[in-house]
Amino acid sequence: MFKTIALLAKNNKFKIIQMAAISIAEALFGFVPLIVLYFLLCNIIDHTFSADKLIIYTILLVSSALLRGLFSFLNVVVSRKNGTLMVKDLRLRLGEHIRKLSLGFFDSHDVGELSGKVLENVNKMEMILTMMLPEIISTFSLSFLVAIGLFFIEPRMAMSTLITMPIALYIMTWAKKIMNTRGKALYKTSFRLADSLLEFVNGIKYIKSFNNSQKKLNDLISRMDDFRKDSLRTEGTLSPVMVLAGIFIDIGIVSIIMMGSYFLIGGSISTKVFIIFLIISSRFFDNLKALSVNYVKVKYLEIAGKSVQEIFDIKLPVGSIKPKFSNHNIVFKNVTFSYNQKPVLNNIDLTIKENTMTAFVGSSGSGKTTLANLIARFYDPQLGKITICGHDIKSIDPEVVLQQISMVFQKVFLFRDTIYNNIKIGKSDATRQEIEIAAKKANAHDFIMQLPNGYDTMVGENATNLSGGEQQRISIARAILKDAPVVLLDEATASLDPENEIFIQDAISNLLKDKTIIVIAHRLKTIKHADKIVILNHGVVEATGSHSNLLENNVQYKSMWENQESAIGWEFAN
């Protein structure tokens, strides 16, 4: 629990102290009625009770009840408020950390697992903070005060309350081990279920198109059944252990009765002490039971905290220098890279000169996209280095690297926000005029103004209210607005109709003025005029040169060109 609280309390220590202080105050005023009960029983048994004492006891009870109610109310309000603010701070820190992680992190985590850690597990941590922590502090404080009171009444009998505690603590440790094992398994099953559910919802169009919905639904039901079984298995294993712990706590009352009876028969304690001790000690054991139940709950919720901490433990890309770039020459020196031990690039030596167009071509899996990802520092090479203006990009602040680069991908992603805000992503402090100028250069302004609310039109889920060409033009407007000196272009017109292709080619020409351009090429006709064409084959640079030079001297490039040219006029046979 303490590690989870430490994770939440970073930058918020005062809030934790405030919550603890209010919980302790609530326990103190909860202890007052027990003190009153002690003296009341003494007066009744000793026949010293009077009307004056009744007035004093009543005032004390009413005052303590009002004050405890006040602090109980403050406990709820403050814990909810502070808990919400601390969880908000955690989410912001977690989001900032994830934002800076390399692309490899996202490749190695399922969407369901990641969303579960970021959303569901943080919510469970909030439960520890806003509900469990105040209750545990208050209950523990009251138990501690009652224990001191019991030692004040009769030290020997107070010692007897501890006889069964070692056994109960051992059982609680056993319960903790069970929860660590079963709880982790339950979380993993939950993540798999969430991932399957997301996959089913996101892929429903394709599932229906192949008339395969029943099979996929059965797979989803199977995941739900796995989660149900794991939940029942966890409860079935843990519940008997918790019942056993409760039994041994209750045995403590038996030991008090036996010990008290022995002392009473021997004449070493009075009947008054024996009766008072039995009545007040019952409160002590009730608190112990409550603490034991909360202990197991917290241990389960702690697993959520550990999974969030695992994300924070992932190291961010190193590099902190923020150089001034006199040029944007990009150089690969003996670069080797693998995905999960699978070689993708092998000993790449390549120079990309400033203000030139360089195109990467090759068959699928040859390493074109990987080269572009390394330039953007989505990944780091295992061997060799990549430099911009002579600086190793590993030594540069990743934020600075990305400031130098604009990217336009073949597959466009738009957020569920206004078109205005989707374009503004390119430059967070852009004015409306700058955004409209960028949209005009991207040939997007005219179709945007025809939408119901213009730039304030909301983009629907998966951008269903925009065509593919319109989405691409908004993406290009982002890149134009950013105005970075290096442009990575994943063939943006590869899947568009001829009409949209004309608009986008014109938009791209506005984007590429006076830039260092790197193109991942699928259609060779779009990079005929590139300054340098790099042919990749199984992660190795096979050849470089201009279009005309490669046509004359490279068999692979000539074959690719001829195949694409011959496919231009293809049609379905009747």
# chains A, B, ... in the order shown; residues from 1 in each chain; ligands from 1
>>> residues_around(residues="range 328-343 of chain A", least_positions_apart="3", cutoff="7 Å", atoms="only C-alpha atoms", output="list in words")
Phe325, Asn346, Asn347, Ile348, Asp349, Leu350, Thr351, Ile352, Lys353, Glu354, Pro381, Gln382, Leu383, Gly384, Lys385, Ile386, Thr387, Ile388 and Cys389 of chain A
>>> atom_distance(atom1="CA of Ser467 in chain A", atom2="CA of Val201 in chain A")
21.5 Å
>>> closest_residue(among="A:Leu301, A:Leu550, A:Ile56, A:Leu119", to="Leu524 in chain A", atoms="only C-alpha atoms")
A:Leu550
>>> residues_around(residues="range 418-425 of chain A", least_positions_apart="3", cutoff="6 Å", atoms="only C-alpha atoms", output="list in words")
Ser428, Tyr455, Asp456, Thr457, Met458, Val459 and Arg478 of chain A
>>> residues_around(residues="Thr369 in chain A", least_positions_apart="6", cutoff="12 Å", atoms="only C-alpha atoms", output="short mmCIF file (atom, residue, chain, number, x, y, z; two decimals) with N, CA and C atoms, in the first residue's frame")
data_model
loop_
_atom_site.label_atom_id
_atom_site.label_comp_id
_atom_site.auth_asym_id
_atom_site.auth_seq_id
_atom_site.Cartn_x
_atom_site.Cartn_y
_atom_site.Cartn_z
N VAL A 344 15.98 -6.35 -39.22
CA VAL A 344 15.23 -5.57 -40.22
C VAL A 344 16.18 -4.74 -41.07
N LEU A 345 17.14 -4.08 -40.43
CA LEU A 345 18.15 -3.30 -41.14
C LEU A 345 19.53 -3.81 -40.76
N ALA A 359 14.02 9.19 -51.74
CA ALA A 359 12.91 8.23 -51.74
C ALA A 359 13.43 6.85 -51.37
N PHE A 360 12.68 6.16 -50.50
CA PHE A 360 12.98 4.77 -50.14
C PHE A 360 12.03 3.87 -50.91
N VAL A 361 12.58 2.92 -51.68
CA VAL A 361 11.75 1.98 -52.42
C VAL A 361 12.23 0.57 -52.13
N GLY A 362 11.36 -0.38 -52.39
CA GLY A 362 11.71 -1.78 -52.15
C GLY A 362 10.45 -2.58 -51.87
N SER A 363 10.61 -3.88 -51.83
CA SER A 363 9.47 -4.76 -51.58
C SER A 363 8.99 -4.62 -50.15
N ILE A 375 14.58 7.79 -38.12
CA ILE A 375 14.86 9.23 -38.28
C ILE A 375 14.03 10.04 -37.28
N ALA A 376 12.75 9.66 -37.12
CA ALA A 376 11.86 10.35 -36.17
C ALA A 376 12.14 9.93 -34.74
N PHE A 378 11.35 7.14 -33.33
CA PHE A 378 10.35 6.28 -32.72
C PHE A 378 11.03 5.04 -32.14
N TYR A 379 12.18 4.68 -32.73
CA TYR A 379 13.02 3.60 -32.22
C TYR A 379 14.46 4.08 -32.24
N MET A 407 5.33 14.76 -40.38
CA MET A 407 5.05 13.45 -40.94
C MET A 407 3.66 13.42 -41.55
N PHE A 409 1.27 10.46 -43.10
CA PHE A 409 1.17 9.02 -43.29
C PHE A 409 0.08 8.68 -44.29
N GLN A 410 0.19 7.48 -44.86
CA GLN A 410 -0.84 7.00 -45.78
C GLN A 410 -2.16 6.81 -45.04
N LEU A 488 8.73 13.73 -43.53
CA LEU A 488 8.65 12.30 -43.81
C LEU A 488 7.29 12.04 -44.44
N LEU A 489 7.30 11.48 -45.64
CA LEU A 489 6.07 11.32 -46.41
C LEU A 489 5.88 9.86 -46.79
N ASP A 490 4.89 9.23 -46.14
CA ASP A 490 4.53 7.87 -46.51
C ASP A 490 3.47 7.99 -47.60
N GLU A 491 3.79 7.53 -48.80
CA GLU A 491 2.99 7.75 -50.02
C GLU A 491 1.54 8.11 -49.70
N ILE A 518 11.83 13.18 -47.29
CA ILE A 518 12.08 11.74 -47.28
C ILE A 518 10.76 11.05 -47.59
N VAL A 519 10.72 10.31 -48.67
CA VAL A 519 9.48 9.71 -49.16
C VAL A 519 9.60 8.19 -49.09
N ILE A 520 8.59 7.56 -48.50
CA ILE A 520 8.45 6.10 -48.60
C ILE A 520 7.59 5.86 -49.83
N ALA A 521 8.19 5.34 -50.87
CA ALA A 521 7.52 5.28 -52.17
C ALA A 521 6.95 3.91 -52.45
N HIS A 522 5.69 3.88 -52.88
CA HIS A 522 5.04 2.65 -53.33
C HIS A 522 4.83 2.71 -54.84
N LEU A 536 16.02 -0.64 -51.22
CA LEU A 536 16.25 -1.52 -50.07
C LEU A 536 15.83 -2.94 -50.41
N GLY A 539 16.57 -5.33 -45.83
CA GLY A 539 17.27 -4.55 -44.83
C GLY A 539 18.64 -4.06 -45.23
#
>>> closest_atom_pairs(of="range 292-322 of chain A", to="range 166-187 of chain A", cutoff="8 Å", atoms="only C-alpha atoms", output="tab-separated table")
residue	atom	partner	partner_atom	distance
A:Ser292	CA	A:Met172	CA	7.3
A:Val296	CA	A:Lys176	CA	6.6
A:Lys299	CA	A:Lys176	CA	6.6
A:Tyr300	CA	A:Gly183	CA	6.1
A:Ile303	CA	A:Lys184	CA	6.8
>>> write_last_selection(atoms="N, CA and C atoms", output="PDB file, in the first residue's frame")
ATOM      1  N   SER A 292      -8.474  -6.524   8.884  1.00  0.00           N
ATOM      2  CA  SER A 292      -8.066  -7.707   8.117  1.00  0.00           C
ATOM      3  C   SER A 292      -8.751  -7.743   6.756  1.00  0.00           C
ATOM      4  N   VAL A 296      -6.754  -7.219   2.843  1.00  0.00           N
ATOM      5  CA  VAL A 296      -6.814  -8.056   1.641  1.00  0.00           C
ATOM      6  C   VAL A 296      -7.306  -7.236   0.438  1.00  0.00           C
ATOM      7  N   LYS A 299      -4.444  -5.209  -0.799  1.00  0.00           N
ATOM      8  CA  LYS A 299      -3.445  -6.021  -1.497  1.00  0.00           C
ATOM      9  C   LYS A 299      -3.881  -6.309  -2.933  1.00  0.00           C
ATOM     10  N   TYR A 300      -5.181  -6.501  -3.130  1.00  0.00           N
ATOM     11  CA  TYR A 300      -5.687  -6.708  -4.498  1.00  0.00           C
ATOM     12  C   TYR A 300      -5.536  -5.430  -5.323  1.00  0.00           C
ATOM     13  N   ILE A 303      -2.051  -4.430  -6.709  1.00  0.00           N
ATOM     14  CA  ILE A 303      -1.593  -5.009  -7.977  1.00  0.00           C
ATOM     15  C   ILE A 303      -1.802  -3.994  -9.098  1.00  0.00           C
TER      16      ILE A 303
END
>>> residues_around(residues="Thr516 in chain A", least_positions_apart="3", cutoff="7 Å", atoms="only C-alpha atoms", output="PDB file with C-alpha atoms, in the first residue's frame")
ATOM      1  CA  GLU A 354      19.475  19.096 -46.767  1.00  0.00           C
ATOM      2  CA  ASN A 355      16.799  20.494 -49.121  1.00  0.00           C
ATOM      3  CA  THR A 356      16.782  17.401 -51.330  1.00  0.00           C
ATOM      4  CA  MET A 357      14.205  14.674 -51.946  1.00  0.00           C
ATOM      5  CA  PRO A 485      12.438  21.573 -41.995  1.00  0.00           C
ATOM      6  CA  VAL A 486      12.310  17.782 -42.502  1.00  0.00           C
ATOM      7  CA  VAL A 487       9.255  16.065 -44.011  1.00  0.00           C
TER       8      VAL A 487
END
>>> residues_around(residues="Ile396 in chain A", least_positions_apart="6", cutoff="7 Å", atoms="only C-alpha atoms", output="list in words")
Gly319, Ser320, Ile321 and Lys322 of chain A
>>> closest_residue(among="A:Ala20, A:Val541, A:Ile280, A:Ile435", to="Ile148 in chain A", atoms="only C-alpha atoms")
A:Ile280
>>> atom_distance(atom1="CA of Ala65 in chain A", atom2="CA of Gly252 in chain A")
29.1 Å
>>> closest_residue(among="A:Phe285, A:Phe71, A:Phe200, A:Phe312", to="Gln214 in chain A", atoms="only C-alpha atoms")
A:Phe200
>>> select_by_dssp(residues="range 218-441 of chain A", states="alpha helix (DSSP H)", output="PyMOL selection string")
chain A and resi 218-266+271-313+368-375+398-403+419-424+432-441
>>> write_last_selection(atoms="C-alpha atoms", output="short mmCIF file (atom, residue, chain, number, x, y, z; two decimals), in the first residue's frame")
data_model
loop_
_atom_site.label_atom_id
_atom_site.label_comp_id
_atom_site.auth_asym_id
_atom_site.auth_seq_id
_atom_site.Cartn_x
_atom_site.Cartn_y
_atom_site.Cartn_z
CA ASN A 218 -18.27 -17.10 -29.37
CA ASP A 219 -14.58 -16.21 -28.93
CA LEU A 220 -15.60 -13.12 -26.97
CA ILE A 221 -18.00 -15.15 -24.82
CA SER A 222 -15.16 -17.59 -24.16
CA ARG A 223 -13.01 -14.72 -22.84
CA MET A 224 -15.89 -13.60 -20.62
CA ASP A 225 -16.23 -17.15 -19.32
CA ASP A 226 -12.48 -17.25 -18.55
CA PHE A 227 -12.85 -14.03 -16.56
CA ARG A 228 -15.85 -15.44 -14.67
CA LYS A 229 -13.97 -18.64 -13.81
CA ASP A 230 -10.89 -16.74 -12.65
CA SER A 231 -13.06 -14.44 -10.49
CA LEU A 232 -14.81 -17.40 -8.85
CA ARG A 233 -11.51 -19.23 -8.40
CA THR A 234 -9.99 -16.19 -6.68
CA GLU A 235 -12.98 -15.74 -4.37
CA GLY A 236 -13.22 -19.48 -3.69
CA THR A 237 -9.55 -19.70 -2.71
CA LEU A 238 -9.41 -16.53 -0.65
CA SER A 239 -12.72 -16.65 1.24
CA PRO A 240 -11.91 -19.74 3.40
CA VAL A 241 -8.58 -18.18 4.38
CA MET A 242 -10.29 -14.94 5.44
CA VAL A 243 -12.89 -16.88 7.44
CA LEU A 244 -10.07 -18.75 9.17
CA ALA A 245 -8.32 -15.46 10.04
CA GLY A 246 -11.59 -14.17 11.51
CA ILE A 247 -11.97 -17.31 13.61
CA PHE A 248 -8.53 -16.86 15.15
CA ILE A 249 -9.27 -13.21 15.89
CA ASP A 250 -12.45 -14.31 17.67
CA ILE A 251 -10.46 -16.90 19.63
CA GLY A 252 -8.75 -13.90 21.22
CA ILE A 253 -12.03 -13.17 23.04
CA VAL A 254 -12.06 -16.76 24.33
CA SER A 255 -8.51 -16.37 25.62
CA ILE A 256 -9.54 -13.17 27.46
CA ILE A 257 -12.48 -14.95 29.11
CA MET A 258 -10.28 -17.87 30.16
CA MET A 259 -7.46 -15.66 31.41
CA GLY A 260 -9.87 -13.27 33.16
CA SER A 261 -11.69 -16.17 34.84
CA TYR A 262 -8.38 -17.54 36.10
CA PHE A 263 -7.41 -14.15 37.58
CA LEU A 264 -10.91 -13.64 38.99
CA ILE A 265 -10.89 -17.04 40.76
CA GLY A 266 -7.42 -16.31 42.07
CA THR A 271 -15.40 -8.50 38.97
CA LYS A 272 -15.65 -4.87 37.91
CA VAL A 273 -12.37 -5.00 35.97
CA PHE A 274 -13.34 -8.32 34.38
CA ILE A 275 -16.72 -7.04 33.11
CA ILE A 276 -15.37 -3.70 31.90
CA PHE A 277 -12.49 -5.40 30.10
CA LEU A 278 -14.80 -7.82 28.29
CA ILE A 279 -17.12 -5.04 27.11
CA ILE A 280 -14.38 -2.70 25.83
CA SER A 281 -12.18 -5.43 24.32
CA SER A 282 -15.04 -6.46 22.01
CA ARG A 283 -14.54 -3.15 20.19
CA PHE A 284 -10.86 -3.96 19.76
CA PHE A 285 -11.60 -7.28 18.04
CA ASP A 286 -14.28 -5.73 15.80
CA ASN A 287 -11.67 -3.24 14.59
CA LEU A 288 -9.16 -6.04 13.96
CA LYS A 289 -11.68 -7.85 11.74
CA ALA A 290 -12.34 -4.67 9.78
CA LEU A 291 -8.59 -4.13 9.33
CA SER A 292 -8.07 -7.71 8.12
CA VAL A 293 -10.77 -7.36 5.44
CA ASN A 294 -9.39 -4.01 4.30
CA TYR A 295 -5.87 -5.45 4.24
CA VAL A 296 -6.81 -8.06 1.64
CA LYS A 297 -8.77 -5.52 -0.43
CA VAL A 298 -5.78 -3.20 -0.44
CA LYS A 299 -3.45 -6.02 -1.50
CA TYR A 300 -5.69 -6.71 -4.50
CA LEU A 301 -5.83 -3.04 -5.42
CA GLU A 302 -2.06 -2.77 -4.95
CA ILE A 303 -1.59 -5.01 -7.98
CA ALA A 304 -3.16 -2.19 -9.99
CA GLY A 305 -0.64 0.22 -8.48
CA LYS A 306 2.26 -2.07 -9.39
CA SER A 307 1.09 -2.33 -13.01
CA VAL A 308 1.01 1.48 -13.26
CA GLN A 309 4.44 1.70 -11.64
CA GLU A 310 5.74 -0.72 -14.30
CA ILE A 311 4.96 1.92 -16.92
CA PHE A 312 6.85 4.60 -14.97
CA ASP A 313 9.79 2.17 -14.62
CA LYS A 368 11.52 1.45 -45.77
CA THR A 369 9.20 2.43 -42.92
CA THR A 370 11.78 1.40 -40.33
CA LEU A 371 14.28 3.87 -41.76
CA ALA A 372 11.72 6.66 -41.46
CA ASN A 373 10.82 5.60 -37.89
CA LEU A 374 14.50 5.70 -36.90
CA ILE A 375 14.86 9.23 -38.28
CA PRO A 398 13.48 13.67 -28.31
CA GLU A 399 11.11 16.66 -28.28
CA VAL A 400 13.68 18.69 -30.21
CA VAL A 401 14.09 15.90 -32.78
CA LEU A 402 10.35 15.79 -33.41
CA GLN A 403 10.20 19.59 -33.69
CA ILE A 419 -11.49 20.18 -37.64
CA TYR A 420 -9.96 23.40 -36.30
CA ASN A 421 -8.38 21.57 -33.34
CA ASN A 422 -7.31 18.63 -35.53
CA ILE A 423 -5.30 21.00 -37.72
CA LYS A 424 -4.03 22.97 -34.71
CA ARG A 432 -7.08 31.03 -36.63
CA GLN A 433 -5.63 32.93 -39.58
CA GLU A 434 -2.55 30.65 -39.65
CA ILE A 435 -4.79 27.57 -39.54
CA GLU A 436 -6.93 28.81 -42.43
CA ILE A 437 -3.81 29.67 -44.50
CA ALA A 438 -2.46 26.14 -43.90
CA ALA A 439 -5.83 24.65 -44.89
CA LYS A 440 -5.88 26.69 -48.10
CA LYS A 441 -2.37 25.50 -49.02
#
>>> select_by_dssp(residues="range 345-455 of chain A", states="strand (DSSP E)", output="VMD selection string")
chain A and resid 345 to 352 357 to 362 383 to 388 391 to 392 405 to 408
>>> write_last_selection(atoms="N, CA and C atoms", output="PDB file, in the first residue's frame")
ATOM      1  N   LEU A 345      17.141  -4.081 -40.428  1.00  0.00           N
ATOM      2  CA  LEU A 345      18.153  -3.298 -41.139  1.00  0.00           C
ATOM      3  C   LEU A 345      19.533  -3.811 -40.763  1.00  0.00           C
ATOM      4  N   ASN A 346      20.417  -3.854 -41.739  1.00  0.00           N
ATOM      5  CA  ASN A 346      21.746  -4.419 -41.488  1.00  0.00           C
ATOM      6  C   ASN A 346      22.834  -3.506 -42.055  1.00  0.00           C
ATOM      7  N   ASN A 347      23.559  -2.864 -41.132  1.00  0.00           N
ATOM      8  CA  ASN A 347      24.751  -2.089 -41.492  1.00  0.00           C
ATOM      9  C   ASN A 347      24.457  -1.037 -42.578  1.00  0.00           C
ATOM     10  N   ILE A 348      23.497  -0.167 -42.287  1.00  0.00           N
ATOM     11  CA  ILE A 348      23.084   0.864 -43.256  1.00  0.00           C
ATOM     12  C   ILE A 348      24.023   2.056 -43.172  1.00  0.00           C
ATOM     13  N   ASP A 349      24.589   2.447 -44.320  1.00  0.00           N
ATOM     14  CA  ASP A 349      25.346   3.703 -44.469  1.00  0.00           C
ATOM     15  C   ASP A 349      24.625   4.541 -45.518  1.00  0.00           C
ATOM     16  N   LEU A 350      24.198   5.735 -45.116  1.00  0.00           N
ATOM     17  CA  LEU A 350      23.362   6.536 -46.015  1.00  0.00           C
ATOM     18  C   LEU A 350      23.453   7.999 -45.615  1.00  0.00           C
ATOM     19  N   THR A 351      23.529   8.880 -46.611  1.00  0.00           N
ATOM     20  CA  THR A 351      23.531  10.322 -46.366  1.00  0.00           C
ATOM     21  C   THR A 351      22.360  10.964 -47.094  1.00  0.00           C
ATOM     22  N   ILE A 352      21.563  11.738 -46.348  1.00  0.00           N
ATOM     23  CA  ILE A 352      20.429  12.473 -46.912  1.00  0.00           C
ATOM     24  C   ILE A 352      20.750  13.954 -46.777  1.00  0.00           C
ATOM     25  N   MET A 357      15.213  15.723 -52.103  1.00  0.00           N
ATOM     26  CA  MET A 357      14.205  14.674 -51.946  1.00  0.00           C
ATOM     27  C   MET A 357      14.884  13.321 -52.063  1.00  0.00           C
ATOM     28  N   THR A 358      14.704  12.508 -51.018  1.00  0.00           N
ATOM     29  CA  THR A 358      15.233  11.143 -50.997  1.00  0.00           C
ATOM     30  C   THR A 358      14.067  10.186 -50.872  1.00  0.00           C
ATOM     31  N   ALA A 359      14.016   9.188 -51.741  1.00  0.00           N
ATOM     32  CA  ALA A 359      12.911   8.226 -51.736  1.00  0.00           C
ATOM     33  C   ALA A 359      13.431   6.847 -51.369  1.00  0.00           C
ATOM     34  N   PHE A 360      12.679   6.161 -50.501  1.00  0.00           N
ATOM     35  CA  PHE A 360      12.981   4.772 -50.142  1.00  0.00           C
ATOM     36  C   PHE A 360      12.027   3.866 -50.911  1.00  0.00           C
ATOM     37  N   VAL A 361      12.577   2.922 -51.676  1.00  0.00           N
ATOM     38  CA  VAL A 361      11.747   1.978 -52.418  1.00  0.00           C
ATOM     39  C   VAL A 361      12.230   0.566 -52.126  1.00  0.00           C
ATOM     40  N   GLY A 362      11.361  -0.380 -52.392  1.00  0.00           N
ATOM     41  CA  GLY A 362      11.706  -1.784 -52.148  1.00  0.00           C
ATOM     42  C   GLY A 362      10.452  -2.581 -51.873  1.00  0.00           C
ATOM     43  N   LEU A 383      22.775  -0.954 -33.164  1.00  0.00           N
ATOM     44  CA  LEU A 383      24.174  -0.665 -33.505  1.00  0.00           C
ATOM     45  C   LEU A 383      24.222   0.534 -34.449  1.00  0.00           C
ATOM     46  N   GLY A 384      25.362   1.248 -34.420  1.00  0.00           N
ATOM     47  CA  GLY A 384      25.522   2.396 -35.295  1.00  0.00           C
ATOM     48  C   GLY A 384      24.841   3.635 -34.732  1.00  0.00           C
ATOM     49  N   LYS A 385      24.835   4.694 -35.533  1.00  0.00           N
ATOM     50  CA  LYS A 385      24.192   5.928 -35.086  1.00  0.00           C
ATOM     51  C   LYS A 385      23.629   6.705 -36.265  1.00  0.00           C
ATOM     52  N   ILE A 386      22.689   7.583 -35.928  1.00  0.00           N
ATOM     53  CA  ILE A 386      22.054   8.471 -36.911  1.00  0.00           C
ATOM     54  C   ILE A 386      22.308   9.895 -36.432  1.00  0.00           C
ATOM     55  N   THR A 387      22.776  10.754 -37.329  1.00  0.00           N
ATOM     56  CA  THR A 387      23.072  12.133 -36.947  1.00  0.00           C
ATOM     57  C   THR A 387      22.234  13.113 -37.765  1.00  0.00           C
ATOM     58  N   ILE A 388      21.879  14.227 -37.136  1.00  0.00           N
ATOM     59  CA  ILE A 388      21.270  15.378 -37.812  1.00  0.00           C
ATOM     60  C   ILE A 388      22.176  16.567 -37.532  1.00  0.00           C
ATOM     61  N   HIS A 391      24.919  15.905 -35.091  1.00  0.00           N
ATOM     62  CA  HIS A 391      24.599  15.509 -33.716  1.00  0.00           C
ATOM     63  C   HIS A 391      23.940  14.131 -33.712  1.00  0.00           C
ATOM     64  N   ASP A 392      24.436  13.231 -32.884  1.00  0.00           N
ATOM     65  CA  ASP A 392      23.797  11.928 -32.704  1.00  0.00           C
ATOM     66  C   ASP A 392      22.400  12.161 -32.120  1.00  0.00           C
ATOM     67  N   ILE A 405      10.704  17.685 -37.518  1.00  0.00           N
ATOM     68  CA  ILE A 405      10.136  16.735 -38.481  1.00  0.00           C
ATOM     69  C   ILE A 405       8.620  16.866 -38.561  1.00  0.00           C
ATOM     70  N   SER A 406       8.101  16.892 -39.787  1.00  0.00           N
ATOM     71  CA  SER A 406       6.663  16.752 -40.030  1.00  0.00           C
ATOM     72  C   SER A 406       6.434  15.416 -40.714  1.00  0.00           C
ATOM     73  N   MET A 407       5.333  14.763 -40.377  1.00  0.00           N
ATOM     74  CA  MET A 407       5.052  13.446 -40.945  1.00  0.00           C
ATOM     75  C   MET A 407       3.656  13.416 -41.549  1.00  0.00           C
ATOM     76  N   VAL A 408       3.558  12.867 -42.733  1.00  0.00           N
ATOM     77  CA  VAL A 408       2.263  12.643 -43.384  1.00  0.00           C
ATOM     78  C   VAL A 408       2.202  11.166 -43.736  1.00  0.00           C
TER      79      VAL A 408
END
>>> atom_distance(atom1="CA of Ala442 in chain A", atom2="CA of Arg473 in chain A")
5.6 Å
>>> closest_residue(among="A:Arg416, A:Ala444, A:Ile163, A:Val32", to="Gly460 in chain A", atoms="only C-alpha atoms")
A:Arg416
